[in-house]
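K.L.:
This is input.tsv (TSV, C-alpha atoms).
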```
chain	number	residue	atom	x	y	z
A	15	MET	CA	0.00	0.00	0.00
A	16	ASN	CA	1.01	3.52	-0.64
A	17	ILE	CA	1.72	5.93	2.28
A	18	VAL	CA	-0.59	8.55	0.73
A	19	THR	CA	-3.61	6.24	1.06
A	20	LEU	CA	-2.76	5.40	4.70
A	21	LEU	CA	-2.17	9.03	5.74
A	22	PRO	CA	-5.89	10.00	6.24
A	23	PHE	CA	-6.42	6.92	8.44
A	24	ILE	CA	-3.35	7.72	10.54
A	25	VAL	CA	-4.48	11.32	11.03
A	26	LEU	CA	-8.00	10.16	12.00
A	27	ILE	CA	-6.67	7.68	14.58
A	28	GLY	CA	-4.33	10.34	16.01
A	29	ALA	CA	-7.17	12.86	16.36
A	30	MET	CA	-9.37	10.28	18.11
A	31	PHE	CA	-6.55	9.48	20.52
A	32	LEU	CA	-6.01	13.15	21.40
A	33	MET	CA	-9.72	13.79	21.95
A	34	THR	CA	-10.19	10.81	24.24
A	35	ARG	CA	-7.06	11.67	26.20
A	36	SER	CA	-8.25	15.24	26.87
A	37	ALA	CA	-11.74	14.06	27.88
A	38	LYS	CA	-10.25	11.46	30.21
A	39	ARG	CA	-8.03	14.10	31.83
A	40	LYS	CA	-11.08	16.35	32.46
A	41	GLN	CA	-12.97	13.44	34.03
A	42	GLN	CA	-10.02	12.67	36.31
A	43	GLN	CA	-9.80	16.32	37.42
A	44	ALA	CA	-13.54	16.41	38.20
A	45	ALA	CA	-13.31	13.17	40.19
A	46	GLN	CA	-10.30	14.52	42.12
A	47	MET	CA	-12.20	17.74	42.90
A	48	ARG	CA	-15.17	15.74	44.24
A	49	ASN	CA	-12.90	13.51	46.33
A	50	ASP	CA	-11.16	16.54	47.86
A	51	MET	CA	-14.46	17.99	49.18
A	52	GLN	CA	-14.44	18.65	52.92
A	53	PRO	CA	-17.32	19.45	55.28
A	54	GLY	CA	-17.76	23.23	55.35
A	55	SER	CA	-16.83	23.75	51.68
A	56	GLY	CA	-19.14	25.76	49.46
A	57	VAL	CA	-20.30	23.91	46.34
A	58	ARG	CA	-22.42	24.46	43.23
A	59	THR	CA	-24.44	21.53	41.95
A	60	ILE	CA	-24.83	20.75	38.26
A	61	GLY	CA	-28.37	22.14	38.61
A	62	GLY	CA	-27.01	25.51	39.76
A	63	MET	CA	-27.84	25.29	43.48
A	64	TYR	CA	-25.32	26.68	45.97
A	65	ALA	CA	-24.91	24.93	49.32
A	66	THR	CA	-22.42	24.04	52.03
A	67	VAL	CA	-21.08	20.51	52.40
A	68	LYS	CA	-22.19	19.01	55.70
A	69	GLU	CA	-21.08	15.40	55.29
A	70	VAL	CA	-19.16	13.44	52.63
A	71	ASN	CA	-19.76	9.70	52.10
A	72	ASP	CA	-18.46	7.24	49.49
A	73	ASP	CA	-21.00	8.03	46.76
A	74	THR	CA	-23.17	10.74	48.34
A	75	VAL	CA	-22.83	14.22	49.81
A	76	LEU	CA	-25.12	15.78	52.42
A	77	LEU	CA	-25.57	19.48	51.66
A	78	ASP	CA	-26.87	22.27	53.89
A	79	ALA	CA	-28.88	24.56	51.62
A	80	GLY	CA	-30.23	26.83	54.34
A	81	PRO	CA	-31.55	26.84	57.88
A	82	GLY	CA	-33.10	23.41	58.45
A	83	VAL	CA	-32.70	22.32	54.80
A	84	GLU	CA	-30.45	19.31	54.29
A	85	LEU	CA	-30.26	17.63	50.89
A	86	LEU	CA	-28.64	14.36	49.89
A	87	PHE	CA	-26.90	14.46	46.50
A	88	ALA	CA	-24.79	12.01	44.52
A	89	LYS	CA	-21.14	13.06	44.32
A	90	ASN	CA	-21.45	13.21	40.54
A	91	ALA	CA	-24.05	15.99	40.94
A	92	ILE	CA	-21.46	18.40	42.34
A	93	GLY	CA	-20.41	20.73	39.54
A	94	ALA	CA	-17.78	22.79	41.35
A	95	VAL	CA	-16.17	23.22	44.74
A	96	LEU	CA	-15.89	26.95	45.40
A	97	THR	CA	-13.35	28.92	47.39
A	98	ASP	CA	-14.61	30.61	50.56
A	99	ASP	CA	-14.35	34.10	49.02
A	100	GLU	CA	-16.24	33.06	45.88
A	101	TYR	CA	-18.96	31.25	47.88
A	102	ASN	CA	-19.48	34.25	50.20
A	103	ARG	CA	-19.58	36.65	47.25
A	104	ILE	CA	-22.23	34.63	45.40
A	105	VAL	CA	-24.41	33.39	48.25
A	106	HIS	CA	-24.14	36.10	50.91
A	107	GLY	CA	-23.17	39.06	48.73
A	108	ILE	CA	-20.04	39.65	50.79
A	109	GLU	CA	-17.22	41.17	48.76
A	110	HIS	CA	-13.68	40.53	49.89
A	111	ASP	CA	-12.40	44.00	50.76
A	112	LEU	CA	-9.11	44.38	48.92
A	113	LYS	CA	-9.27	48.18	48.81
A	114	ALA	CA	-9.89	49.22	52.43
A	115	ASP	CA	-8.50	52.72	51.86
A	116	GLY	CA	-10.32	53.33	48.55
A	117	ALA	CA	-12.80	56.13	47.93
A	118	VAL	CA	-16.39	55.56	48.98
A	119	VAL	CA	-18.85	55.77	46.11
A	120	PRO	CA	-22.39	56.83	47.12
A	121	ASP	CA	-25.40	54.73	46.14
A	122	ASP	CA	-27.22	57.67	44.60
A	123	ALA	CA	-26.40	60.86	42.73
A	124	SER	CA	-27.14	63.19	45.66
A	125	SER	CA	-23.49	64.10	46.06
A	126	LEU	CA	-23.38	65.20	42.43
A	127	THR	CA	-26.32	67.60	42.77
A	128	GLU	CA	-25.65	69.12	46.20
A	129	THR	CA	-24.71	72.79	46.13
A	130	ASP	CA	-24.13	75.46	48.75
A	131	GLU	CA	-26.93	77.65	47.32
A	132	PRO	CA	-30.48	77.02	48.54
A	133	ALA	CA	-32.93	75.75	45.99
A	134	ALA	CA	-35.30	78.21	44.30
A	135	ASP	CA	-38.30	78.99	46.47
A	136	ALA	CA	-40.08	75.64	45.98
A	137	SER	CA	-42.29	76.18	49.03
A	138	SER	CA	-43.87	79.37	47.66
A	139	GLY	CA	-46.59	77.34	45.95
A	140	PRO	CA	-47.45	76.54	42.36
A	141	SER	CA	-46.35	78.93	39.69
A	142	ASP	CA	-48.87	81.05	37.80
A	143	ASP	CA	-47.00	80.62	34.53
A	144	LYS	CA	-49.15	78.94	31.86
A	145	VAL	CA	-47.71	76.40	29.50
A	146	ASP	CA	-48.84	76.45	25.87
A	147	LEU	CA	-49.52	72.89	24.78
A	148	GLY	CA	-50.24	73.84	21.19
A	149	LYS	CA	-54.06	73.89	21.18
A	150	LYS	CA	-56.01	76.95	22.15
A	151	ASP	CA	-58.94	76.75	24.56
A	152	ALA	CA	-61.22	78.54	22.09
A	153	ASP	CA	-60.50	75.97	19.37
A	154	ALA	CA	-61.34	73.13	21.77
A	155	ALA	CA	-64.67	74.71	22.75
A	156	THR	CA	-65.60	75.31	19.06
A	157	ASP	CA	-64.79	71.69	18.14
A	158	ALA	CA	-66.89	70.34	21.03
A	159	LYS	CA	-69.95	72.47	20.01
A	160	ALA	CA	-69.63	71.34	16.38
A	161	ASP	CA	-69.58	67.68	17.42
A	162	GLU	CA	-72.78	68.09	19.47
A	163	ALA	CA	-74.72	69.94	16.75
A	164	GLU	CA	-74.07	67.53	13.88
A	165	PRO	CA	-75.06	63.86	14.35
A	166	LYS	CA	-72.55	61.31	13.25
A	167	LYS	CA	-73.22	59.14	10.21
A	168	THR	CA	-72.59	55.43	10.12
A	169	ASP	CA	-71.67	53.36	7.10
A	170	GLY	CA	-75.15	52.02	6.43
A	171	GLU	CA	-77.15	55.23	6.81
A	172	SER	CA	-77.95	57.79	4.17
A	173	ASP	CA	-79.09	61.44	4.36
A	174	GLU	CA	-82.59	60.68	3.02
A	175	LYS	CA	-85.25	59.28	5.32
```
Would you encode the structure as structure tokens?
P.N.:
Amino acid sequence: MNIVTLLPFIVLIGAMFLMTRSAKRKQQQAAQMRNDMQPGSGVRTIGGMYATVKEVNDDTVLLDAGPGVELLFAKNAIGAVLTDDEYNRIVHGIEHDLKADGAVVPDDASSLTETDEPAADASSGPSDDKVDLGKKDADAATDAKADEAEPKKTDGESDEK
């Protein structure tokens, strides 16, 4: 046989070998992560639920999902073991304070609008200034009288009776 005819088969076998090797390595890393779980670790299940490991058995894990809520999961259902900082950030909303001396940013824009001058006399009552909305009051009254005087016609009616 010629080497040119065998080359596609060799490349195909090599690609299959590399793909299976990488998948096997990922499976081994996931199994190692699940075996390294300790009680007190924060985890995320494959369904997206966050909980704390309470007890680890051979094939199962007892999770504490909240006050009085204990759930039994298979070890294979654990998607990730989280670090303490990551678990606290996601579940409790606690940010790890790396910048203790940083500037404090307010929650609202009040600091941007505060001035030393008092606001214009807002307590003096409503203003007497009128706003022109584009239609005059006289035109509105004329249109209303015209609508009352002339009866509306429907599609099926004619002027003759």
K.L.:
Which value, in Å to one decimal, gives the distance between atom CA of Met51 of chain A and atom CA of Asn102 of chain A?
P.N.:
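Atom CA of Asn102 of chain A lies at a distance of 17.0 Å from atom CA of Met51 of chain A.
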K.L.:
If you measure from atom CA of Gly54 of chain A to atom CA of His106 of chain A, what distance in Å do you get, rounded to one decimal?
P.N.:
15.0 Å
K.L.:
List the neighbours of Pro53 of chain A out to 10 Å using only C-alpha atoms; skip same-chain residues closer than 2 positions along the sequence, and give me the result as a list in words.
P.N.:
Met51, Ser55, Gly56, Thr66, Val67, Lys68, Glu69, Val70, Val75, Leu76 and Leu77 of chain A
K.L.:
Work out how far apart atom CA of Asn49 of chain A and atom CA of Asn71 of chain A are and give it in Å to one decimal.
P.N.:
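Value for the atom CA of Asn49 of chain A-atom CA of Asn71 of chain A distance: 9.7 Å.
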K.L.:
Around all the atoms of segment 33-45 of chain A listed in the file, with 8 Å of room on each side, what axis-aligned box do you get, giving centre and edge lengths in Å to one decimal, as AutoDock Vina command-line options?
P.N.:
```
--center_x -10.3 --center_y 13.6 --center_z 31.1 --size_x 22.5 --size_y 21.6 --size_z 34.2
```
